[in-house]
Amino acid sequence: MNDDATTARLKELIEQRIVFFDGAMGTMIQRAGLGEADFRGDRFVDHPSSLQGNNDLLVLTRPDVIRGIHEQYLDAGADIIETNTFNSNAFSQADYELQGVVYELNVAAARLAKEATASRSDRDCYVAGAIGPLNKTLSLSPDVNDPGYRALTFDEAREAYAEQVRGLLDGGVDLLLVETIFDTLNAKAALCAIEDVFEEKGVRLPIVISVTIVDKSGRTLSG
């Protein structure tokens, strides 16, 4: 897990110059041309659901692919690489009937990324634990005929995020990235969960927040 000295070095770097994050993970995975067998690996060969497209699962079934992507971004000059955990939460993994491996996914993804940064002896590189927005929203009803309906509760979202954060911390990330926020209430649940786990573990890491908005022309903007 990140220590105070690592956090101090990261903050010093940010004060000195522009710090570069890596790029998209999904498009890099698409370039690898993987099939169902790659996503299943040996462990999930008999899993009842289709697993192709569950990119987060590759940290367990094709870690070589994910490690290779991390290495390419580091070669390109990234100071911070993100864990392959955008959908490593109970709600998103439920689409694949894999809620039971959420904690493991986050630990494995964090360790893979840390291994990649540790191989860079020429400079300090850091790992951001990527926390996606969930595939359900707290602010809006998915049922146009029942605007008061919600697909999940705040406490359910908070616990899903907490499970993910525990895995990322136990895997050794240096900071946390709450990313692609499209619902500020989901983001609030994520931040509450982070504070819960910080309190639980007696640690505190830097937090970065990335918000996604859509302008009037329909373009997706991030900030």
# chains A, B, ... in the order shown; residues from 1 in each chain; ligands from 1
>>> residues_around(residues="range 200-210 of chain A", least_positions_apart="2", cutoff="8 Å", atoms="only C-alpha atoms", output="list in words")
Asn2, Thr7, Asp174, Leu175, Leu176, Leu177, Val178, Glu179, Thr180, Ile181, Asp196, Val197, Phe198, Thr212, Ser222 and Gly223 of chain A
>>> select_by_dssp(residues="range 42-101 of chain A", states="alpha helix (DSSP H)", output="CSV table (one decimal) with all heavy atoms, in the first residue's frame")
chain,number,residue,atom,x,y,z
A,58,LEU,N,-9.7,-9.8,-17.6
A,58,LEU,CA,-8.4,-10.2,-18.2
A,58,LEU,C,-7.2,-10.1,-17.2
A,58,LEU,O,-6.2,-10.7,-17.5
A,58,LEU,CB,-8.1,-9.3,-19.4
A,58,LEU,CG,-9.1,-9.5,-20.6
A,58,LEU,CD1,-8.9,-8.4,-21.7
A,58,LEU,CD2,-9.0,-10.9,-21.2
A,59,VAL,N,-7.4,-9.4,-16.1
A,59,VAL,CA,-6.3,-9.3,-15.1
A,59,VAL,C,-6.1,-10.7,-14.5
A,59,VAL,O,-5.0,-11.0,-14.0
A,59,VAL,CB,-6.5,-8.3,-14.0
A,59,VAL,CG1,-6.6,-6.9,-14.7
A,59,VAL,CG2,-7.7,-8.6,-13.2
A,60,LEU,N,-7.1,-11.5,-14.6
A,60,LEU,CA,-7.0,-12.9,-14.1
A,60,LEU,C,-6.7,-13.9,-15.2
A,60,LEU,O,-6.0,-14.9,-15.0
A,60,LEU,CB,-8.3,-13.3,-13.3
A,60,LEU,CG,-8.7,-12.5,-12.1
A,60,LEU,CD1,-10.0,-13.0,-11.5
A,60,LEU,CD2,-7.6,-12.4,-11.1
A,61,THR,N,-7.3,-13.7,-16.3
A,61,THR,CA,-7.2,-14.7,-17.4
A,61,THR,C,-6.1,-14.4,-18.5
A,61,THR,O,-5.6,-15.4,-19.1
A,61,THR,CB,-8.6,-14.9,-18.1
A,61,THR,OG1,-9.0,-13.7,-18.6
A,61,THR,CG2,-9.6,-15.4,-17.1
A,63,PRO,N,-3.3,-11.8,-17.9
A,63,PRO,CA,-2.6,-10.7,-17.3
A,63,PRO,C,-1.5,-10.2,-18.2
A,63,PRO,O,-1.0,-9.1,-18.1
A,63,PRO,CB,-2.1,-11.3,-16.0
A,63,PRO,CG,-2.1,-12.8,-16.2
A,63,PRO,CD,-3.3,-13.1,-17.1
A,64,ASP,N,-1.0,-11.1,-19.1
A,64,ASP,CA,0.1,-10.7,-20.0
A,64,ASP,C,-0.3,-9.5,-20.9
A,64,ASP,O,0.4,-8.6,-21.2
A,64,ASP,CB,0.6,-11.9,-20.8
A,64,ASP,CG,-0.5,-12.5,-21.6
A,64,ASP,OD1,-1.6,-12.8,-21.0
A,64,ASP,OD2,-0.4,-12.7,-22.8
A,65,VAL,N,-1.6,-9.6,-21.3
A,65,VAL,CA,-2.1,-8.5,-22.2
A,65,VAL,C,-2.2,-7.2,-21.4
A,65,VAL,O,-1.8,-6.2,-22.0
A,65,VAL,CB,-3.5,-9.0,-22.7
A,65,VAL,CG1,-4.2,-7.8,-23.5
A,65,VAL,CG2,-3.4,-10.2,-23.6
A,66,ILE,N,-2.7,-7.2,-20.2
A,66,ILE,CA,-2.9,-6.0,-19.5
A,66,ILE,C,-1.6,-5.5,-19.1
A,66,ILE,O,-1.3,-4.2,-19.1
A,66,ILE,CB,-3.8,-6.3,-18.2
A,66,ILE,CG1,-5.1,-6.8,-18.6
A,66,ILE,CG2,-4.0,-5.0,-17.4
A,66,ILE,CD1,-5.9,-6.0,-19.6
A,67,ARG,N,-0.7,-6.3,-18.6
A,67,ARG,CA,0.7,-5.9,-18.3
A,67,ARG,C,1.4,-5.2,-19.5
A,67,ARG,O,2.0,-4.2,-19.4
A,67,ARG,CB,1.5,-7.0,-17.8
A,67,ARG,CG,3.0,-6.8,-17.5
A,67,ARG,CD,3.3,-5.8,-16.3
A,67,ARG,NE,4.7,-5.5,-16.2
A,67,ARG,CZ,5.5,-6.2,-15.5
A,67,ARG,NH1,5.1,-7.2,-14.7
A,67,ARG,NH2,6.8,-5.8,-15.4
A,68,GLY,N,1.2,-5.8,-20.7
A,68,GLY,CA,1.8,-5.3,-21.9
A,68,GLY,C,1.2,-3.9,-22.2
A,68,GLY,O,2.0,-3.0,-22.6
A,69,ILE,N,-0.1,-3.6,-22.0
A,69,ILE,CA,-0.7,-2.3,-22.2
A,69,ILE,C,-0.1,-1.3,-21.2
A,69,ILE,O,0.3,-0.2,-21.6
A,69,ILE,CB,-2.2,-2.4,-22.1
A,69,ILE,CG1,-2.8,-3.2,-23.3
A,69,ILE,CG2,-2.8,-1.0,-22.1
A,69,ILE,CD1,-4.2,-3.6,-23.1
A,70,HIS,N,0.0,-1.7,-20.0
A,70,HIS,CA,0.7,-0.8,-19.0
A,70,HIS,C,2.1,-0.4,-19.4
A,70,HIS,O,2.5,0.8,-19.4
A,70,HIS,CB,0.7,-1.5,-17.6
A,70,HIS,CG,-0.6,-1.6,-16.9
A,70,HIS,ND1,-1.6,-0.7,-17.0
A,70,HIS,CD2,-1.0,-2.6,-16.1
A,70,HIS,CE1,-2.6,-1.1,-16.2
A,70,HIS,NE2,-2.3,-2.2,-15.7
A,71,GLU,N,2.8,-1.4,-19.9
A,71,GLU,CA,4.2,-1.2,-20.3
A,71,GLU,C,4.3,-0.2,-21.5
A,71,GLU,O,5.1,0.7,-21.6
A,71,GLU,CB,4.9,-2.5,-20.7
A,71,GLU,CG,5.1,-3.5,-19.5
A,71,GLU,CD,6.2,-3.1,-18.6
A,71,GLU,OE1,6.8,-2.0,-18.8
A,71,GLU,OE2,6.4,-3.8,-17.6
A,72,GLN,N,3.3,-0.3,-22.4
A,72,GLN,CA,3.3,0.6,-23.6
A,72,GLN,C,3.1,2.0,-23.2
A,72,GLN,O,3.7,2.9,-23.7
A,72,GLN,CB,2.2,0.1,-24.6
A,72,GLN,CG,2.6,-1.2,-25.3
A,72,GLN,CD,1.5,-1.6,-26.3
A,72,GLN,OE1,1.2,-0.9,-27.3
A,72,GLN,NE2,0.8,-2.7,-25.9
A,73,TYR,N,2.1,2.2,-22.2
A,73,TYR,CA,1.9,3.6,-21.8
A,73,TYR,C,3.1,4.1,-21.0
A,73,TYR,O,3.4,5.3,-21.1
A,73,TYR,CB,0.6,3.6,-20.9
A,73,TYR,CG,-0.7,3.7,-21.8
A,73,TYR,CD1,-1.7,2.7,-21.6
A,73,TYR,CD2,-0.8,4.6,-22.7
A,73,TYR,CE1,-2.8,2.8,-22.4
A,73,TYR,CE2,-2.0,4.7,-23.5
A,73,TYR,CZ,-3.0,3.8,-23.3
A,73,TYR,OH,-4.1,3.8,-24.1
A,74,LEU,N,3.7,3.3,-20.2
A,74,LEU,CA,4.9,3.8,-19.5
A,74,LEU,C,6.0,4.1,-20.5
A,74,LEU,O,6.7,5.1,-20.4
A,74,LEU,CB,5.4,2.7,-18.5
A,74,LEU,CG,4.5,2.5,-17.3
A,74,LEU,CD1,4.9,1.3,-16.5
A,74,LEU,CD2,4.5,3.7,-16.4
A,75,ASP,N,6.2,3.3,-21.6
A,75,ASP,CA,7.1,3.6,-22.6
A,75,ASP,C,6.9,4.9,-23.3
A,75,ASP,O,7.8,5.6,-23.7
A,75,ASP,CB,7.1,2.5,-23.7
A,75,ASP,CG,7.7,1.2,-23.2
A,75,ASP,OD1,8.5,1.2,-22.1
A,75,ASP,OD2,7.5,0.1,-23.8
A,90,ALA,N,-19.6,-4.8,-8.0
A,90,ALA,CA,-20.6,-5.9,-8.0
A,90,ALA,C,-21.7,-5.7,-9.0
A,90,ALA,O,-22.2,-6.6,-9.6
A,90,ALA,CB,-21.2,-6.0,-6.6
A,91,PHE,N,-22.1,-4.4,-9.3
A,91,PHE,CA,-23.2,-4.2,-10.2
A,91,PHE,C,-22.8,-4.5,-11.6
A,91,PHE,O,-23.5,-5.1,-12.4
A,91,PHE,CB,-23.7,-2.8,-10.0
A,91,PHE,CG,-24.5,-2.5,-8.7
A,91,PHE,CD1,-23.9,-1.8,-7.7
A,91,PHE,CD2,-25.7,-3.1,-8.5
A,91,PHE,CE1,-24.5,-1.6,-6.5
A,91,PHE,CE2,-26.4,-2.9,-7.3
A,91,PHE,CZ,-25.8,-2.2,-6.3
A,92,SER,N,-21.6,-4.0,-12.0
A,92,SER,CA,-21.2,-4.2,-13.4
A,92,SER,C,-20.8,-5.7,-13.6
A,92,SER,O,-21.1,-6.2,-14.7
A,92,SER,CB,-19.9,-3.3,-13.7
A,92,SER,OG,-20.3,-2.0,-13.6
A,93,GLN,N,-20.2,-6.3,-12.6
A,93,GLN,CA,-19.8,-7.7,-12.8
A,93,GLN,C,-21.1,-8.7,-12.7
A,93,GLN,O,-21.0,-9.8,-13.2
A,93,GLN,CB,-18.8,-8.1,-11.8
A,93,GLN,CG,-17.4,-7.5,-12.0
A,93,GLN,CD,-16.9,-7.9,-13.4
A,93,GLN,OE1,-16.9,-9.1,-13.8
A,93,GLN,NE2,-16.4,-7.0,-14.1
>>> select_by_dssp(residues="range 11-217 of chain A", states="strand (DSSP E or B)", output="ChimeraX atom specification")
/A:21,80-82,126-131,175-181,207-214
>>> residues_around(residues="range 147-154 of chain A", least_positions_apart="4", cutoff="10 Å", atoms="only C-alpha atoms", output="ChimeraX atom specification")
/A:91,136-143,158-160,185-186,188-190
>>> atom_distance(atom1="CA of Arg123 in chain A", atom2="CA of Ile29 in chain A")
26.1 Å
>>> residues_around(residues="Phe21 in chain A", least_positions_apart="2", cutoff="8 Å", atoms="only C-alpha atoms", output="list in words")
Val19, Gly23, Ala78, Asp79, Ile80, Ile81 and Glu82 of chain A
>>> write_last_selection(atoms="N, CA, C and O atoms", output="mmCIF file, in the first residue's frame")
data_model
loop_
_atom_site.group_PDB
_atom_site.id
_atom_site.type_symbol
_atom_site.label_atom_id
_atom_site.label_comp_id
_atom_site.auth_asym_id
_atom_site.auth_seq_id
_atom_site.Cartn_x
_atom_site.Cartn_y
_atom_site.Cartn_z
ATOM 1 N N VAL A 19 1.784 16.428 -15.068
ATOM 2 C CA VAL A 19 1.931 14.984 -14.879
ATOM 3 C C VAL A 19 1.008 14.274 -15.866
ATOM 4 O O VAL A 19 -0.165 14.633 -16.006
ATOM 5 N N GLY A 23 -3.528 6.408 -21.360
ATOM 6 C CA GLY A 23 -4.702 6.591 -22.203
ATOM 7 C C GLY A 23 -5.732 5.515 -21.966
ATOM 8 O O GLY A 23 -5.708 4.818 -20.948
ATOM 9 N N ALA A 78 4.002 7.963 -19.711
ATOM 10 C CA ALA A 78 3.008 8.162 -18.653
ATOM 11 C C ALA A 78 3.673 8.160 -17.282
ATOM 12 O O ALA A 78 4.527 7.319 -16.998
ATOM 13 N N ASP A 79 3.275 9.115 -16.460
ATOM 14 C CA ASP A 79 3.742 9.145 -15.068
ATOM 15 C C ASP A 79 2.829 8.325 -14.176
ATOM 16 O O ASP A 79 3.267 7.769 -13.168
ATOM 17 N N ILE A 80 1.541 8.285 -14.544
ATOM 18 C CA ILE A 80 0.538 7.572 -13.755
ATOM 19 C C ILE A 80 -0.220 6.631 -14.688
ATOM 20 O O ILE A 80 -0.708 7.054 -15.736
ATOM 21 N N ILE A 81 -0.309 5.357 -14.334
ATOM 22 C CA ILE A 81 -1.124 4.421 -15.098
ATOM 23 C C ILE A 81 -2.306 4.001 -14.236
ATOM 24 O O ILE A 81 -2.217 3.954 -13.011
ATOM 25 N N GLU A 82 -3.415 3.711 -14.905
ATOM 26 C CA GLU A 82 -4.644 3.341 -14.206
ATOM 27 C C GLU A 82 -4.815 1.824 -14.177
ATOM 28 O O GLU A 82 -4.486 1.133 -15.141
#
>>> atom_distance(atom1="CA of Asn55 in chain A", atom2="CA of Gly26 in chain A")
7.2 Å
>>> residues_around(residues="Asn106 in chain A", least_positions_apart="6", cutoff="12 Å", atoms="only C-alpha atoms", output="number ranges by chain")
A: 56-60, 82-90, 100, 112-113, 128-131, 161-173
>>> closest_residue(among="A:Asp155, A:Glu195, A:Asp183, A:Asp46", to="Leu134 in chain A", atoms="only C-alpha atoms")
A:Asp183
>>> closest_residue(among="A:Lys11, A:Asp3, A:Asn54, A:Glu36", to="Leu105 in chain A", atoms="only C-alpha atoms")
A:Asn54
>>> closest_residue(among="A:Gly53, A:Asp22, A:Ser119, A:Ala94", to="Gly35 in chain A", atoms="only C-alpha atoms")
A:Gly53
>>> atom_distance(atom1="CA of Val144 in chain A", atom2="CA of Gln99 in chain A")
27.8 Å
